[in-house]
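File shown here: run-v2.txt, holding compact mmCIF, C-alpha atoms.
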```txt
# COMPACT_ATOMS: atom_id res chain seq x y z
CA MET A 1 77.58 98.73 159.35
CA ARG A 2 77.56 95.09 158.17
CA ARG A 3 75.83 96.11 154.93
CA SER A 4 78.43 98.83 154.38
CA ILE A 5 81.32 96.41 154.92
CA SER A 6 79.71 93.82 152.69
CA LYS A 7 79.14 96.37 149.95
CA ARG A 8 82.74 97.59 150.14
CA ALA A 9 84.04 94.03 150.08
CA THR A 10 81.93 93.26 147.03
CA MET A 11 83.18 96.36 145.25
CA THR A 12 86.79 95.45 146.09
CA ILE A 13 86.39 91.90 144.80
CA SER A 14 84.66 93.16 141.66
CA ALA A 15 87.42 95.68 141.01
CA GLY A 16 90.05 93.01 141.56
CA LEU A 17 88.34 90.67 139.10
CA THR A 18 88.11 93.47 136.53
CA ILE A 19 91.85 94.18 136.86
CA ALA A 20 92.67 90.48 136.64
CA VAL A 21 90.54 90.02 133.53
CA ALA A 22 92.05 93.13 131.94
CA ALA A 23 95.56 91.87 132.70
CA THR A 24 94.75 88.47 131.20
CA VAL A 25 93.33 90.06 128.03
CA ALA A 26 96.37 92.34 127.74
CA ALA A 27 98.73 89.39 128.16
CA THR A 28 96.84 87.40 125.54
CA VAL A 29 96.89 90.27 123.05
CA SER A 30 100.61 90.80 123.71
CA ALA A 31 101.35 87.10 123.17
CA GLN A 32 99.34 87.11 119.95
CA ALA A 33 101.25 90.18 118.76
CA ASP A 34 104.56 88.52 119.59
CA ASN A 35 103.54 85.39 117.71
CA ALA A 36 102.44 87.46 114.72
CA THR A 37 105.77 89.26 114.76
CA ASP A 38 107.69 86.00 114.93
CA THR A 39 105.66 84.55 112.07
CA ALA A 40 106.20 87.64 109.94
CA SER A 41 109.91 87.83 110.72
CA ASP A 42 111.30 84.74 109.01
CA ALA A 43 113.71 87.09 107.26
CA LYS A 44 114.82 90.69 107.52
CA VAL A 45 116.09 92.74 104.59
CA LYS A 46 118.38 95.75 104.93
CA VAL A 47 119.53 97.85 101.97
CA PHE A 48 122.84 99.68 102.40
CA ALA A 49 123.07 101.16 98.90
CA PRO A 50 121.55 103.08 97.32
CA ARG A 51 120.19 105.40 100.00
CA ASN A 52 117.09 107.54 99.87
CA GLY A 53 117.81 110.70 97.87
CA ASP A 54 121.07 109.47 96.32
CA ASN A 55 122.12 110.62 92.85
CA ALA A 56 123.72 107.33 91.88
CA GLY A 57 125.83 106.10 88.99
CA THR A 58 127.06 107.57 85.73
CA SER A 59 125.25 107.47 82.38
CA GLY A 60 122.63 105.23 84.00
CA ARG A 61 125.09 102.59 85.16
CA GLY A 62 127.84 102.10 87.74
CA TRP A 63 125.46 102.28 90.71
CA PHE A 64 125.29 99.61 93.39
CA VAL A 65 122.62 97.62 95.11
CA ASP A 66 124.16 96.35 98.32
CA LEU A 67 121.95 94.48 100.77
CA ALA A 68 121.85 91.88 103.52
CA VAL A 69 119.16 89.34 104.33
CA ASP A 70 118.98 87.95 107.85
CA PHE A 71 117.22 84.56 107.85
CA ARG A 72 115.86 83.53 111.24
CA GLY A 73 115.78 80.00 112.61
CA GLN A 74 118.02 76.96 112.55
CA ASN A 75 119.79 75.68 109.44
CA GLY A 76 119.65 79.12 107.87
CA PRO A 77 121.43 78.44 104.55
CA ALA A 78 119.08 75.58 103.68
CA ARG A 79 116.04 77.57 104.85
CA ALA A 80 117.18 80.47 102.65
CA GLY A 81 117.52 78.16 99.66
CA LEU A 82 121.14 79.25 99.37
CA SER A 83 122.60 76.92 96.75
CA GLY A 84 126.16 78.24 96.85
CA LEU A 85 128.44 81.24 96.99
CA GLN A 86 128.52 83.55 93.99
CA LEU A 87 130.95 85.64 91.99
CA THR A 88 129.47 86.26 88.55
CA GLY A 89 128.74 88.82 85.88
CA PRO A 90 128.04 89.25 82.17
CA ALA A 91 129.80 87.68 79.19
CA GLY A 92 132.97 85.82 80.22
CA HIS A 93 132.16 86.23 83.92
CA ASN A 94 128.89 84.28 83.66
CA ASN A 95 128.76 81.03 85.64
CA VAL A 96 132.50 80.36 85.93
CA PRO A 97 134.70 79.22 88.86
CA PRO A 98 135.50 79.79 91.64
CA PHE A 99 131.92 80.68 92.66
CA PRO A 100 129.74 80.14 89.59
CA GLY A 101 126.32 81.72 89.31
CA THR A 102 124.09 82.47 86.35
CA PHE A 103 123.66 86.08 85.25
CA SER A 104 120.36 87.21 83.75
CA PRO A 105 117.11 88.88 84.77
CA GLY A 106 114.79 86.71 86.84
CA LYS A 107 114.87 84.54 89.93
CA ASP A 108 118.36 84.17 91.42
CA ASP A 109 119.82 80.67 91.16
CA ARG A 110 121.79 81.29 94.37
CA LEU A 111 119.20 83.05 96.58
CA PRO A 112 115.89 81.97 95.02
CA GLY A 113 113.54 83.73 97.44
CA LEU A 114 114.85 87.25 96.79
CA VAL A 115 112.90 89.81 94.76
CA VAL A 116 114.57 93.04 93.61
CA LEU A 117 112.59 95.55 91.54
CA THR A 118 113.05 99.06 90.22
CA SER A 119 110.08 101.12 89.16
CA SER A 120 111.88 102.25 85.98
CA THR A 121 113.18 98.91 84.65
CA ILE A 122 113.10 98.84 80.85
CA THR A 123 111.06 96.51 78.66
CA ASN A 124 113.28 94.52 76.29
CA PRO A 125 112.04 91.00 75.46
CA GLU A 126 115.27 90.05 73.70
CA ARG A 127 117.17 90.67 76.93
CA LYS A 128 114.38 89.23 79.11
CA PHE A 129 113.47 92.55 80.72
CA ALA A 130 109.71 92.81 81.23
CA GLY A 131 109.49 96.31 82.67
CA PRO A 132 109.14 97.22 86.37
CA GLY A 133 107.91 93.73 87.33
CA THR A 134 111.21 92.14 86.30
CA ASN A 135 112.95 90.42 89.19
CA LEU A 136 116.55 91.68 89.00
CA ALA A 137 117.93 89.37 91.69
CA ASN A 138 119.77 87.08 89.27
CA LEU A 139 121.90 90.02 88.12
CA PHE A 140 123.69 90.20 91.47
CA ASN A 141 127.44 89.64 91.29
CA LEU A 142 128.47 88.68 94.82
CA THR A 143 126.68 86.44 97.29
CA GLY A 144 128.18 85.18 100.53
CA LEU A 145 127.65 84.50 104.23
CA THR A 146 128.59 87.40 106.50
CA ASP A 147 127.33 86.07 109.82
CA ARG A 148 126.14 82.65 110.92
CA ALA A 149 124.78 81.43 114.26
CA ASP A 150 122.65 78.55 115.51
CA ASP A 151 119.44 80.55 115.15
CA ARG A 152 120.14 82.95 112.25
CA THR A 153 122.12 83.34 109.04
CA GLU A 154 123.03 86.60 107.33
CA VAL A 155 123.51 86.54 103.56
CA TRP A 156 125.12 89.54 101.83
CA ASP A 157 124.28 90.31 98.20
CA THR A 158 125.88 92.96 95.96
CA TRP A 159 125.28 94.11 92.40
CA ILE A 160 127.11 96.74 90.34
CA VAL A 161 124.78 97.81 87.57
CA GLY A 162 126.64 97.55 84.27
CA ASP A 163 124.01 98.96 81.92
CA ALA A 164 121.22 101.53 82.01
CA ILE A 165 118.55 98.86 82.50
CA ALA A 166 116.58 101.17 84.82
CA GLY A 167 117.02 104.26 82.68
CA LYS A 168 119.17 107.33 83.20
CA GLY A 169 118.33 110.78 84.40
CA VAL A 170 115.25 109.34 86.12
CA ASP A 171 113.86 109.02 89.62
CA THR A 172 113.24 105.41 90.55
CA THR A 173 112.18 103.26 93.49
CA LEU A 174 114.10 100.16 94.49
CA THR A 175 111.92 97.52 96.18
CA VAL A 176 113.42 94.46 97.90
CA ALA A 177 111.88 91.56 99.83
CA VAL A 178 112.02 87.82 100.40
CA VAL A 179 109.01 85.95 99.03
CA ASP A 180 107.16 83.66 101.40
CA ASP A 181 107.34 79.86 101.28
CA LEU A 182 104.46 79.66 98.82
CA ASP A 183 104.77 75.93 98.09
CA HIS A 184 105.25 75.05 101.79
CA ASN A 185 108.42 73.03 101.26
CA GLY A 186 110.19 74.73 104.17
CA VAL A 187 112.50 76.74 101.89
CA PHE A 188 112.28 80.34 100.72
CA ASP A 189 112.75 79.57 97.03
CA ASP A 190 109.55 80.85 95.43
CA ALA A 191 110.48 84.24 93.99
CA PRO A 192 109.02 84.74 90.50
CA ASP A 193 110.96 85.81 87.43
CA VAL A 194 108.39 88.57 86.95
CA VAL A 195 106.08 90.05 89.58
CA ALA A 196 102.54 90.57 88.31
CA ASP A 197 100.37 93.64 88.81
CA PHE A 198 98.17 91.78 91.27
CA ASN A 199 96.03 94.75 92.27
CA HIS A 200 95.69 96.04 88.67
CA ASP A 201 96.64 99.62 89.52
CA GLY A 202 99.13 99.99 86.66
CA ARG A 203 102.14 99.84 88.99
CA ILE A 204 104.22 96.98 90.32
CA ASP A 205 105.39 97.76 93.82
CA ALA A 206 105.24 96.79 97.49
CA LYS A 207 101.47 96.33 97.39
CA ASP A 208 101.84 93.61 94.77
CA LEU A 209 104.51 91.87 96.85
CA GLU A 210 102.20 91.94 99.86
CA ILE A 211 99.49 90.24 97.78
CA LEU A 212 102.01 87.69 96.47
CA GLY A 213 103.18 86.99 100.04
CA VAL A 214 106.45 87.89 101.71
CA ALA A 215 108.51 86.36 104.51
CA SER A 216 110.36 89.60 105.28
CA ASN A 217 109.94 93.31 105.54
CA ILE A 218 109.69 95.16 102.23
CA GLU A 219 112.49 97.69 101.82
CA GLN A 220 111.96 100.65 99.48
CA VAL A 221 114.57 103.22 98.48
CA ARG A 222 113.77 106.26 96.33
CA PHE A 223 116.74 107.72 94.49
CA HIS A 224 117.89 109.27 91.21
CA ILE A 225 119.86 107.48 88.49
CA ASN A 226 122.47 109.92 87.26
CA ALA A 227 122.69 110.53 83.50
CA ASN A 228 125.97 112.45 83.51
CA PRO A 229 129.14 110.78 82.15
CA LEU A 230 132.22 110.40 84.30
```

Take the structure in the file and give it back as structure tokens.
Amino acid sequence: MRRSISKRATMTISAGLTIAVAATVAATVSAQADNATDTASDAKVKVFAPRNGDNAGTSGRGWFVDLAVDFRGQNGPARAGLSGLQLTGPAGHNNVPPFPGTFSPGKDDRLPGLVVLTSSTITNPERKFAGPGTNLANLFNLTGLTDRADDRTEVWDTWIVGDAIAGKGVDTTLTVAVVDDLDHNGVFDDAPDVVADFNHDGRIDAKDLEILGVASNIEQVRFHINANPL
């Protein structure tokens, strides 16, 4: 009888230890996952327009890119590299009051961590378009703060496309993300003017942004650019 009780007690203790160890491992894995999520969630991008499957614009232009970037953490505007509000455009609208901002392909002077690509962007060296790797963020017209708290800042960015720089009558993919703090200065201001084909697969897309390094999710929208006139 004593042996039987001792054996049962040993089995009970062993089972209890196994459960405790399993619970500890599970808690550790969960904590590591939470930390990984926090690290990878310095910013969150959401694209409102275009939407998947849209037939957008007229004669290749007149379509919108409308998006918000939610920067996590304290002192959000500085962390985002936000250098000012923006109301800009081509020709006489370029870099004038009340909210001046430059207007050209490349890294945005107002939100310098943002990358915006389309898979059908033209190549035109005179106009500084280098094909699908061209960062289109500096073509955005409106930049402002839509929500601000102690631990997060939401920046809204809008662009009405004034020319058929991504073609017309074509299917395209819009890709948007915030580039990581590559120079470790505490600011998301390291977006390139042109994203390289890092994996040498002949395409410039989300995979290349992952290799470059991102601080946010990578949003992709597949839609059609309408060729019909108004």

Exercise. What lies within 12 Å of A:Asp157 using all atoms listed in the file, ignoring chain neighbours under 4 positions off, as a VMD selection string?
Worked result: chain A and resid 45 to 49 64 to 70 82 85 to 88 108 110 to 111 114 to 116 137 to 146 176

File of the preceding selection, C-alpha atoms, as a short mmCIF file (atom, residue, chain, number, x, y, z; two decimals), in the coordinates of the input:
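File written: selection-v1.cif
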```cif
data_model
loop_
_atom_site.label_atom_id
_atom_site.label_comp_id
_atom_site.auth_asym_id
_atom_site.auth_seq_id
_atom_site.Cartn_x
_atom_site.Cartn_y
_atom_site.Cartn_z
CA VAL A 45 116.09 92.74 104.59
CA LYS A 46 118.38 95.75 104.93
CA VAL A 47 119.53 97.85 101.97
CA PHE A 48 122.84 99.68 102.40
CA ALA A 49 123.07 101.16 98.90
CA PHE A 64 125.29 99.61 93.39
CA VAL A 65 122.62 97.62 95.11
CA ASP A 66 124.16 96.35 98.32
CA LEU A 67 121.95 94.48 100.77
CA ALA A 68 121.85 91.88 103.52
CA VAL A 69 119.16 89.34 104.33
CA ASP A 70 118.98 87.95 107.85
CA LEU A 82 121.14 79.25 99.37
CA LEU A 85 128.44 81.24 96.99
CA GLN A 86 128.52 83.55 93.99
CA LEU A 87 130.95 85.64 91.99
CA THR A 88 129.47 86.26 88.55
CA ASP A 108 118.36 84.17 91.42
CA ARG A 110 121.79 81.29 94.37
CA LEU A 111 119.20 83.05 96.58
CA LEU A 114 114.85 87.25 96.79
CA VAL A 115 112.90 89.81 94.76
CA VAL A 116 114.57 93.04 93.61
CA ALA A 137 117.93 89.37 91.69
CA ASN A 138 119.77 87.08 89.27
CA LEU A 139 121.90 90.02 88.12
CA PHE A 140 123.69 90.20 91.47
CA ASN A 141 127.44 89.64 91.29
CA LEU A 142 128.47 88.68 94.82
CA THR A 143 126.68 86.44 97.29
CA GLY A 144 128.18 85.18 100.53
CA LEU A 145 127.65 84.50 104.23
CA THR A 146 128.59 87.40 106.50
CA VAL A 176 113.42 94.46 97.90
#
```

Problem set entry | Surrounding residues of A:Gly60 excluding itself and chain neighbours under 3 positions, 10 Å, all atoms listed in the file, as a list in words | Ala56, Gly57, Trp63, Val161, Gly162, Asp163, Ala164, Ile165, Ala166, Gly167, Lys168, Gly169, Val170, His224, Ile225, Asn226, Ala227, Asn228 and Pro229 of chain A

Seminar exercise, completed: Counting all atoms listed in the file, the residue among A:Asp151, A:Thr134, A:Asn199, A:His93 that lies closest to A:Thr118 is A:Thr134

Put a box with edges along x, y and z around all the listed atoms of stretch 217-230 of chain A, pad it by 6 Å on each side, then give me its centre and sizes in Å, one decimal, as AutoDock Vina command-line options.
```
--center_x 121.0 --center_y 102.9 --center_z 93.8 --size_x 34.5 --size_y 31.1 --size_z 35.4
```

For this session: Find the residue from A:Gly113, A:Pro105, A:Pro98, A:Gly84 that sits nearest to A:Gly186; use all atoms listed in the file when measuring.
Result: A:Gly113

Problem set entry | Length of the atom CA of A:Asp147 to atom CA of A:Gly89 vector [Å] |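 Calculated distance between atom CA of A:Asp147 and atom CA of A:Gly89 is 24.1 Å.
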
For this session: Work out how far atom CA of A:Lys128 is from atom CA of A:Pro112, in Å to one decimal.
Result: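 Separating atom CA of A:Pro112 from atom CA of A:Lys128 is a distance of 17.6 Å.
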
Exercise. Which residue gives the smallest distance to A:Val155 among A:Pro50, A:Gly131, A:Gly62, A:Gly81, with all atoms listed in the file counted?
Worked result: A:Gly81

For this session: Find the distance between atom CA of A:Pro77 and atom CA of A:Asp208 and write it in Å to one decimal.
Result: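 Atom-to-atom, atom CA of A:Pro77 to atom CA of A:Asp208, that is 26.6 Å.
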
Exercise. Got a sec: who's within 6 Å of stretch 212-218 of chain A, counting only C-alpha atoms, leaving out chain neighbours fewer than 5 positions off, as a list of chain:residue names?
Worked result: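 Using only C-alpha atoms, the neighbours found are A:Ser41, A:Asp42, A:Ala43, A:Lys44, A:Val176, A:Ala177, A:Val178, A:Val179, A:Asp180.
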
Exercise. Which residue, A:Arg203, A:Lys107, A:Arg127, A:Arg79, has the smallest gap to A:His184 when you use all atoms listed in the file?
Worked result: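 Looking only at the distances to A:His184, the closest residue turns out to be A:Arg79.
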
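Minimum atom-to-atom distance to A:Thr123, evaluated using all atoms listed in the file, belongs to A:Val194 out of A:Ile160, A:Val194, A:Asn185, A:Lys207.
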
Seminar exercise, completed: Residue with the minimum atom-to-atom distance to A:Phe71, picked from A:Gly92, A:Ser59, A:Arg51, A:Trp156 with all atoms listed in the file counted, is A:Trp156
